[in-house]
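Note sheet for the following structure.
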Amino acid sequence: MFLSAASGAADAFVFLCVGQVFAGVMTGNLVLLGASAAGAGEDGVALRVVTALAAYACGAASGALMAGRLGLRLRAMLLAETVLLGAAAALWGLDLVASYGDRLGLLALVSLAMGIQGRIRVTPTNYFTGTLTSLAGRAAVRELEPADVWVLGRLGAVVAGAALAAVAERWWSPGAALGAVVLAVGALVLEPAPGGGRRPGTGKPRPDRGNPAGAA
């Protein structure tokens with residue numbers, strides 16, 4: 001729940017403050033890239049999208065290496081994400097993002113963090129189209145389970161996290177990136193100590209993971 005809210009806060013911050021792209025929703029970024037290639041959208045959006053895509057891919061690859069070859073626990077991966085989000089929040093809050101290049105660097109930091117988050121849990125916490133599709137399908141055939149309450153909770157958490165970032169941006173712009181940091185810290189605090197939790201990517205996959213058709 002905390003990670004889902006953190007992804008909503010991070011995406012809202014980047015969209016509102018950095019330049020109408022996403023840090024974690026790569027499907028939306030690909031759509032923006034296609035529209036930009038056809039001459040639509042803001043000037044410079046293509047470069048921002050490519051930056052976000054590249055940084056997210058590097059984050060996901062780094063997360064896979066942490067979980068696999070390096071054998072790091074979830075807490076280490078969460079700590080890496082929190083440090084990246086904290087660095088981005090500090091740069092923004094201290095008004096150190098002055099140029100277009102600075103904004104690209106800030107976008108890369110947040111997207112890198114979201115890429116790592118994407119590898120932390122088998123249950124998706126920063127991409128939700130498959131989650132919503134699977135939930136609607138199970139509801140249609142009356143196969144909802146008690147655990148689907150948590151699925152709805154994650155969807156609501158994304159909205160709440162985005163709203164938190166938007167309110168901060170409106171009323172206190174220097175703190176617009178802090179919501180994602182606080183939520184990531186919350187996830188880090190709640191994560192069991194080493195030896196008390198599962199390795200990332202282990203355990204039975206959720207039915208709403210990835211492609212809903214493949215899951216079905």
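In the structure tokens, the first chain shown is A, the next is B, and so on; residue numbers restart at 1 for each chain, and ligands run from 1 in the order shown.
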- Message: Please identify the alpha helix (DSSP H) residues within stretch 13-216 of chain A (assignment by DSSP from backbone atoms) and present them as a ChimeraX atom specification.
- Response: /A:13,26-37,45-67,74-93,100-118,129-140,148-171,178-190,212-215
For A:Leu107, the closest of A:Leu78, A:Ala61, A:Ala187, A:Val50 counting only C-alpha atoms is A:Val50
Worksheet item: With only C-alpha atoms as the atoms that count, which of A:Ser4, A:Asn126, A:Ser62, A:Ser99 lies nearest to A:Met26?
Response: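 Between A:Ser4, A:Asn126, A:Ser62, A:Ser99, the residue approaching A:Met26 most closely is A:Asn126.
Atom CA of A:Ala166 to atom CA of A:Ala60 spans 26.1 Å [interatomic distance, one decimal].
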